[in-house]
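upload26.pdb follows; it contains PDB, C-alpha atoms.
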```
ATOM      1  CA  ALA A   1     113.942  91.951  96.721  1.00  0.00           C
ATOM      2  CA  VAL A   2     112.852  95.444  97.811  1.00  0.00           C
ATOM      3  CA  LEU A   3     115.634  96.977  95.724  1.00  0.00           C
ATOM      4  CA  GLN A   4     114.486  94.990  92.693  1.00  0.00           C
ATOM      5  CA  ARG A   5     110.895  96.164  93.137  1.00  0.00           C
ATOM      6  CA  ARG A   6     112.098  99.742  93.483  1.00  0.00           C
ATOM      7  CA  ALA A   7     114.133  99.360  90.273  1.00  0.00           C
ATOM      8  CA  LEU A   8     111.054  98.115  88.439  1.00  0.00           C
ATOM      9  CA  LEU A   9     108.916 100.946  89.823  1.00  0.00           C
ATOM     10  CA  ASP A  10     111.604 103.494  88.956  1.00  0.00           C
ATOM     11  CA  ALA A  11     111.464 102.312  85.330  1.00  0.00           C
ATOM     12  CA  MET A  12     107.774 103.252  85.258  1.00  0.00           C
ATOM     13  CA  LYS A  13     106.287 106.708  84.948  1.00  0.00           C
ATOM     14  CA  GLY A  14     102.961 108.408  85.570  1.00  0.00           C
ATOM     15  CA  ASP A  15      99.773 106.391  85.635  1.00  0.00           C
ATOM     16  CA  LEU A  16     101.544 103.042  85.241  1.00  0.00           C
ATOM     17  CA  ARG A  17     103.784 103.839  88.200  1.00  0.00           C
ATOM     18  CA  ASP A  18     100.721 104.697  90.318  1.00  0.00           C
ATOM     19  CA  LEU A  19      99.000 101.418  89.431  1.00  0.00           C
ATOM     20  CA  ALA A  20     102.135  99.355  90.056  1.00  0.00           C
ATOM     21  CA  GLU A  21     102.908 101.179  93.293  1.00  0.00           C
ATOM     22  CA  CYS A  22      99.443 100.321  94.594  1.00  0.00           C
ATOM     23  CA  VAL A  23     100.092  96.618  93.915  1.00  0.00           C
ATOM     24  CA  ALA A  24     103.537  96.862  95.524  1.00  0.00           C
ATOM     25  CA  LEU A  25     102.222  98.670  98.620  1.00  0.00           C
ATOM     26  CA  THR A  26      99.087  96.609  99.258  1.00  0.00           C
ATOM     27  CA  GLY A  27      99.679  93.158  97.763  1.00  0.00           C
ATOM     28  CA  CYS A  28      96.460  93.479  95.785  1.00  0.00           C
ATOM     29  CA  ARG A  29      95.863  91.967  92.371  1.00  0.00           C
ATOM     30  CA  PRO A  30      96.550  94.412  89.518  1.00  0.00           C
ATOM     31  CA  GLY A  31      92.866  94.426  88.584  1.00  0.00           C
ATOM     32  CA  ASP A  32      91.897  95.640  92.062  1.00  0.00           C
ATOM     33  CA  PRO A  33      93.133  99.240  91.747  1.00  0.00           C
ATOM     34  CA  ALA A  34      92.093  99.273  88.079  1.00  0.00           C
ATOM     35  CA  ALA A  35      88.493  98.799  89.253  1.00  0.00           C
ATOM     36  CA  MET A  36      88.636 101.288  92.149  1.00  0.00           C
ATOM     37  CA  VAL A  37      86.645 104.482  92.270  1.00  0.00           C
ATOM     38  CA  ARG A  38      87.233 107.421  94.600  1.00  0.00           C
ATOM     39  CA  LYS A  39      84.617 106.317  97.142  1.00  0.00           C
ATOM     40  CA  ASP A  40      86.529 103.032  97.627  1.00  0.00           C
ATOM     41  CA  TYR A  41      89.177 104.959  99.568  1.00  0.00           C
ATOM     42  CA  ASP A  42      88.450 106.286 103.054  1.00  0.00           C
ATOM     43  CA  ALA A  43      91.141 108.803 103.987  1.00  0.00           C
ATOM     44  CA  ARG A  44      89.730 109.186 107.500  1.00  0.00           C
ATOM     45  CA  THR A  45      90.241 105.524 108.402  1.00  0.00           C
ATOM     46  CA  GLY A  46      93.186 104.934 106.062  1.00  0.00           C
ATOM     47  CA  SER A  47      91.440 102.022 104.378  1.00  0.00           C
ATOM     48  CA  VAL A  48      90.505 100.908 100.883  1.00  0.00           C
ATOM     49  CA  THR A  49      87.830  98.611  99.569  1.00  0.00           C
ATOM     50  CA  PHE A  50      88.849  96.384  96.711  1.00  0.00           C
ATOM     51  CA  GLY A  51      86.058  94.766  94.713  1.00  0.00           C
ATOM     52  CA  THR A  52      87.769  91.566  93.706  1.00  0.00           C
ATOM     53  CA  LYS A  53      87.058  88.226  92.152  1.00  0.00           C
ATOM     54  CA  THR A  54      86.601  86.937  95.713  1.00  0.00           C
ATOM     55  CA  GLY A  55      84.199  89.730  96.698  1.00  0.00           C
ATOM     56  CA  ASN A  56      84.649  93.101  98.364  1.00  0.00           C
ATOM     57  CA  ARG A  57      87.267  93.432 101.059  1.00  0.00           C
ATOM     58  CA  THR A  58      88.126  96.520 103.079  1.00  0.00           C
ATOM     59  CA  ILE A  59      91.671  96.671 104.381  1.00  0.00           C
ATOM     60  CA  PRO A  60      93.856  99.136 106.265  1.00  0.00           C
ATOM     61  CA  VAL A  61      96.773 100.569 104.316  1.00  0.00           C
ATOM     62  CA  SER A  62     100.312 101.543 105.236  1.00  0.00           C
ATOM     63  CA  PRO A  63     101.326 105.201 105.509  1.00  0.00           C
ATOM     64  CA  ALA A  64     103.048 104.967 102.102  1.00  0.00           C
ATOM     65  CA  ALA A  65      99.910 103.539 100.478  1.00  0.00           C
ATOM     66  CA  LYS A  66      97.786 106.187 102.224  1.00  0.00           C
ATOM     67  CA  ALA A  67      99.988 108.906 100.727  1.00  0.00           C
ATOM     68  CA  LEU A  68      99.460 107.405  97.261  1.00  0.00           C
ATOM     69  CA  PHE A  69      95.682 107.192  97.732  1.00  0.00           C
ATOM     70  CA  ASP A  70      95.511 110.705  99.216  1.00  0.00           C
ATOM     71  CA  ARG A  71      97.306 112.115  96.168  1.00  0.00           C
ATOM     72  CA  LEU A  72      95.151 110.233  93.657  1.00  0.00           C
ATOM     73  CA  ALA A  73      91.860 110.938  95.469  1.00  0.00           C
ATOM     74  CA  GLU A  74      92.383 114.683  95.687  1.00  0.00           C
ATOM     75  CA  GLY A  75      89.628 116.554  93.865  1.00  0.00           C
ATOM     76  CA  LYS A  76      87.957 113.438  92.432  1.00  0.00           C
ATOM     77  CA  LYS A  77      84.223 112.799  92.607  1.00  0.00           C
ATOM     78  CA  PRO A  78      83.055 109.625  94.445  1.00  0.00           C
ATOM     79  CA  GLY A  79      82.368 107.677  91.230  1.00  0.00           C
ATOM     80  CA  ALA A  80      85.563 108.695  89.410  1.00  0.00           C
ATOM     81  CA  LYS A  81      88.194 106.037  88.718  1.00  0.00           C
ATOM     82  CA  LEU A  82      91.080 106.381  91.149  1.00  0.00           C
ATOM     83  CA  PHE A  83      93.638 104.777  88.820  1.00  0.00           C
ATOM     84  CA  THR A  84      93.474 105.627  85.131  1.00  0.00           C
ATOM     85  CA  ASN A  85      95.552 105.233  82.007  1.00  0.00           C
ATOM     86  CA  ALA A  86      95.680 108.806  80.700  1.00  0.00           C
ATOM     87  CA  GLY A  87      92.062 109.226  81.791  1.00  0.00           C
ATOM     88  CA  ASN A  88      90.934 105.854  80.422  1.00  0.00           C
ATOM     89  CA  PRO A  89      90.251 102.695  82.431  1.00  0.00           C
ATOM     90  CA  TRP A  90      93.179 100.327  82.915  1.00  0.00           C
ATOM     91  CA  THR A  91      93.011  96.870  81.351  1.00  0.00           C
ATOM     92  CA  PRO A  92      95.542  94.029  81.409  1.00  0.00           C
ATOM     93  CA  GLN A  93      96.003  94.558  77.670  1.00  0.00           C
ATOM     94  CA  ALA A  94      96.919  98.190  78.334  1.00  0.00           C
ATOM     95  CA  TRP A  95      99.337  97.667  81.208  1.00  0.00           C
ATOM     96  CA  ALA A  96     101.052  94.431  80.072  1.00  0.00           C
ATOM     97  CA  PRO A  97     103.216  95.912  77.287  1.00  0.00           C
ATOM     98  CA  LEU A  98     104.084  98.923  79.447  1.00  0.00           C
ATOM     99  CA  VAL A  99     105.196  96.642  82.281  1.00  0.00           C
ATOM    100  CA  LYS A 100     107.270  94.581  79.806  1.00  0.00           C
ATOM    101  CA  ALA A 101     108.958  97.774  78.571  1.00  0.00           C
ATOM    102  CA  ALA A 102     109.695  98.900  82.132  1.00  0.00           C
ATOM    103  CA  ALA A 103     111.004  95.426  83.012  1.00  0.00           C
ATOM    104  CA  HIS A 104     113.315  95.532  79.995  1.00  0.00           C
ATOM    105  CA  LYS A 105     114.521  99.000  80.992  1.00  0.00           C
ATOM    106  CA  ALA A 106     115.188  97.759  84.552  1.00  0.00           C
ATOM    107  CA  GLY A 107     117.040  94.670  83.277  1.00  0.00           C
ATOM    108  CA  PHE A 108     114.353  92.168  84.317  1.00  0.00           C
ATOM    109  CA  PRO A 109     113.438  88.999  82.421  1.00  0.00           C
ATOM    110  CA  PRO A 110     110.989  89.438  79.520  1.00  0.00           C
ATOM    111  CA  GLU A 111     108.332  87.352  81.292  1.00  0.00           C
ATOM    112  CA  THR A 112     108.032  89.938  84.095  1.00  0.00           C
ATOM    113  CA  VAL A 113     104.424  90.873  84.823  1.00  0.00           C
ATOM    114  CA  LEU A 114     102.731  93.280  87.221  1.00  0.00           C
ATOM    115  CA  TYR A 115     101.752  90.346  89.447  1.00  0.00           C
ATOM    116  CA  VAL A 116     105.386  90.027  90.633  1.00  0.00           C
ATOM    117  CA  LEU A 117     104.796  93.051  92.844  1.00  0.00           C
ATOM    118  CA  ARG A 118     101.922  91.225  94.580  1.00  0.00           C
ATOM    119  CA  HIS A 119     104.122  88.183  95.113  1.00  0.00           C
ATOM    120  CA  GLY A 120     106.869  90.400  96.513  1.00  0.00           C
ATOM    121  CA  TRP A 121     104.462  91.991  99.000  1.00  0.00           C
ATOM    122  CA  ILE A 122     103.118  88.623 100.162  1.00  0.00           C
ATOM    123  CA  THR A 123     106.630  87.216 100.486  1.00  0.00           C
ATOM    124  CA  ASP A 124     107.862  90.175 102.526  1.00  0.00           C
ATOM    125  CA  ALA A 125     104.727  90.172 104.709  1.00  0.00           C
ATOM    126  CA  ILE A 126     105.240  86.513 105.602  1.00  0.00           C
ATOM    127  CA  ILE A 127     108.986  86.813 106.124  1.00  0.00           C
ATOM    128  CA  GLY A 128     108.354  89.975 108.157  1.00  0.00           C
ATOM    129  CA  GLY A 129     106.196  87.979 110.547  1.00  0.00           C
ATOM    130  CA  LEU A 130     102.657  88.950 109.536  1.00  0.00           C
ATOM    131  CA  ASP A 131     100.494  85.936 110.298  1.00  0.00           C
ATOM    132  CA  VAL A 132      99.178  84.060 107.272  1.00  0.00           C
ATOM    133  CA  VAL A 133      95.528  84.597 108.199  1.00  0.00           C
ATOM    134  CA  THR A 134      96.085  88.355 108.039  1.00  0.00           C
ATOM    135  CA  VAL A 135      98.106  88.080 104.812  1.00  0.00           C
ATOM    136  CA  ALA A 136      95.303  86.041 103.234  1.00  0.00           C
ATOM    137  CA  ARG A 137      92.657  88.532 104.390  1.00  0.00           C
ATOM    138  CA  LEU A 138      94.601  91.591 103.211  1.00  0.00           C
ATOM    139  CA  THR A 139      95.356  90.125  99.787  1.00  0.00           C
ATOM    140  CA  GLY A 140      92.017  88.433  99.167  1.00  0.00           C
ATOM    141  CA  THR A 141      93.406  84.954  98.821  1.00  0.00           C
ATOM    142  CA  SER A 142      92.873  81.687 100.666  1.00  0.00           C
ATOM    143  CA  LEU A 143      94.997  80.086 103.346  1.00  0.00           C
ATOM    144  CA  GLU A 144      95.253  77.104 101.006  1.00  0.00           C
ATOM    145  CA  MET A 145      96.794  79.271  98.283  1.00  0.00           C
ATOM    146  CA  ILE A 146      99.169  80.923 100.762  1.00  0.00           C
ATOM    147  CA  SER A 147     100.232  77.482 101.982  1.00  0.00           C
ATOM    148  CA  LYS A 148     100.624  76.110  98.463  1.00  0.00           C
ATOM    149  CA  THR A 149     102.557  79.068  97.052  1.00  0.00           C
ATOM    150  CA  TYR A 150     104.405  80.430 100.082  1.00  0.00           C
ATOM    151  CA  GLY A 151     104.467  77.437 102.445  1.00  0.00           C
ATOM    152  CA  HIS A 152     108.247  77.221 102.407  1.00  0.00           C
ATOM    153  CA  LEU A 153     108.422  80.799 103.715  1.00  0.00           C
ATOM    154  CA  VAL A 154     105.907  80.070 106.447  1.00  0.00           C
ATOM    155  CA  GLN A 155     107.972  77.066 107.527  1.00  0.00           C
ATOM    156  CA  GLY A 156     111.135  79.148 107.752  1.00  0.00           C
ATOM    157  CA  THR A 157     109.460  81.948 109.693  1.00  0.00           C
ATOM    158  CA  THR A 158     107.827  79.432 112.022  1.00  0.00           C
ATOM    159  CA  ARG A 159     111.150  77.700 112.626  1.00  0.00           C
ATOM    160  CA  ASP A 160     112.804  81.039 113.439  1.00  0.00           C
ATOM    161  CA  LYS A 161     110.019  81.974 115.883  1.00  0.00           C
ATOM    162  CA  LEU A 162     110.069  78.573 117.540  1.00  0.00           C
ATOM    163  CA  ALA A 163     113.800  78.961 118.144  1.00  0.00           C
ATOM    164  CA  THR A 164     113.105  82.043 120.291  1.00  0.00           C
ATOM    165  CA  MET A 165     110.431  80.411 122.461  1.00  0.00           C
ATOM    166  CA  GLU A 166     110.715  78.294 125.585  1.00  0.00           C
ATOM    167  CA  PHE A 167     108.010  75.672 126.065  1.00  0.00           C
ATOM    168  CA  VAL A 168     109.323  73.825 129.120  1.00  0.00           C
TER     169      VAL A 168
END
```
Written as structure tokens, that's how I'd like the structure from this file.
Amino acid sequence: AVLQRRALLDAMKGDLRDLAECVALTGCRPGDPAAMVRKDYDARTGSVTFGTKTGNRTIPVSPAAKALFDRLAEGKKPGAKLFTNAGNPWTPQAWAPLVKAAAHKAGFPPETVLYVLRHGWITDAIIGGLDVVTVARLTGTSLEMISKTYGHLVQGTTRDKLATMEFV
């Protein structure tokens, strides 16, 4: 799955790659980085604030995500967009055809959308052992949605962990 995401990212260039990489590295919705401004990133604490459909949430980021944000934040004023499309704001209508073209180039199905990178992050976070409460908080989704969409993964991870524990 990681190799597939890398192949998709490698088929993207420039501003689209930056936007997609943010989704892949944080599990955010594609609209989250599109709405970000420079002041939403705190390099000192290594955290970002996403203003989402569920409200603002501030989350820590991985070293790879921090490197992306550091690069994009350099020299920008607090109110400047962090992610842009050749200097213009990103919109779903702007990124969708570019993602389709990159997906085609990478040999992915034509229905591939930017959201697959969010799903990949959530899947890997759960399989990697991150608890679902933390996954829900980091991605701005509910435990109910995690359970509904990724419940089978949670069951498998739970089963694997239970097999390593002794209760009596």
(request) Any chance you could resolve the PyMOL selection byres ((chain A and resi 121) around 8) against this file and give the residues as a list in words? (result)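 The output of the PyMOL selection byres ((chain A and resi 121) around 8) on this file is Ala24, Leu25, Thr26, Gly27, Leu117, Arg118, His119, Gly120, Ile122, Thr123, Asp124 and Ala125 of chain A.
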(request) Would you kindly translate the PyMOL selection byres ((chain A and resi 88-90) around 10) into the concrete residues it picks from this file, as a PyMOL selection string? (result) chain A and resi 15-16+19+30-31+33-36+81-87+91-95
Next, write the just-selected residues to a file, as a PDB file, in the frame of the given file, keeping C-alpha atoms as the atom set.
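So the final result, stored in out_32.pdb, reads:
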```pdb
ATOM      1  CA  ASP A  15      99.773 106.391  85.635  1.00  0.00           C
ATOM      2  CA  LEU A  16     101.544 103.042  85.241  1.00  0.00           C
ATOM      3  CA  LEU A  19      99.000 101.418  89.431  1.00  0.00           C
ATOM      4  CA  PRO A  30      96.550  94.412  89.518  1.00  0.00           C
ATOM      5  CA  GLY A  31      92.866  94.426  88.584  1.00  0.00           C
ATOM      6  CA  PRO A  33      93.133  99.240  91.747  1.00  0.00           C
ATOM      7  CA  ALA A  34      92.093  99.273  88.079  1.00  0.00           C
ATOM      8  CA  ALA A  35      88.493  98.799  89.253  1.00  0.00           C
ATOM      9  CA  MET A  36      88.636 101.288  92.149  1.00  0.00           C
ATOM     10  CA  LYS A  81      88.194 106.037  88.718  1.00  0.00           C
ATOM     11  CA  LEU A  82      91.080 106.381  91.149  1.00  0.00           C
ATOM     12  CA  PHE A  83      93.638 104.777  88.820  1.00  0.00           C
ATOM     13  CA  THR A  84      93.474 105.627  85.131  1.00  0.00           C
ATOM     14  CA  ASN A  85      95.552 105.233  82.007  1.00  0.00           C
ATOM     15  CA  ALA A  86      95.680 108.806  80.700  1.00  0.00           C
ATOM     16  CA  GLY A  87      92.062 109.226  81.791  1.00  0.00           C
ATOM     17  CA  THR A  91      93.011  96.870  81.351  1.00  0.00           C
ATOM     18  CA  PRO A  92      95.542  94.029  81.409  1.00  0.00           C
ATOM     19  CA  GLN A  93      96.003  94.558  77.670  1.00  0.00           C
ATOM     20  CA  ALA A  94      96.919  98.190  78.334  1.00  0.00           C
ATOM     21  CA  TRP A  95      99.337  97.667  81.208  1.00  0.00           C
TER      22      TRP A  95
END
```
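Shortest separation to A:Asp10 among A:Ala106, A:Ala43, A:Cys28, A:Leu98 occurs at residue A:Ala106, atoms counted being all atoms listed in the file.
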(request) Please indicate the distance in Å from atom CA of A:Ala20 to atom CA of A:Pro60, rounded to one decimal place. (result)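 A separation of 18.2 Å between them.
Taking atom CA of A:Val99 and atom CA of A:Gly14 as the two end points, the separation is 12.4 Å.
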Counting all atoms listed in the file, find the residues whose atoms lie at most 7 Å from (88.9, 99.7, 103.2) (file coordinates) and write them out as a PDB file with C-alpha atoms, in the frame of the given file.
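Contents of part19.pdb, freshly written:
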```pdb
ATOM      1  CA  ASP A  40      86.529 103.032  97.627  1.00  0.00           C
ATOM      2  CA  TYR A  41      89.177 104.959  99.568  1.00  0.00           C
ATOM      3  CA  ASP A  42      88.450 106.286 103.054  1.00  0.00           C
ATOM      4  CA  SER A  47      91.440 102.022 104.378  1.00  0.00           C
ATOM      5  CA  VAL A  48      90.505 100.908 100.883  1.00  0.00           C
ATOM      6  CA  THR A  49      87.830  98.611  99.569  1.00  0.00           C
ATOM      7  CA  ARG A  57      87.267  93.432 101.059  1.00  0.00           C
ATOM      8  CA  THR A  58      88.126  96.520 103.079  1.00  0.00           C
ATOM      9  CA  ILE A  59      91.671  96.671 104.381  1.00  0.00           C
ATOM     10  CA  PRO A  60      93.856  99.136 106.265  1.00  0.00           C
TER      11      PRO A  60
END
```
(message) For a quick check of understanding, using all atoms listed in the file, which of A:His152, A:Ala1, A:Arg159, A:Arg38 has the smallest distance to A:Glu74?
(response) A:Arg38
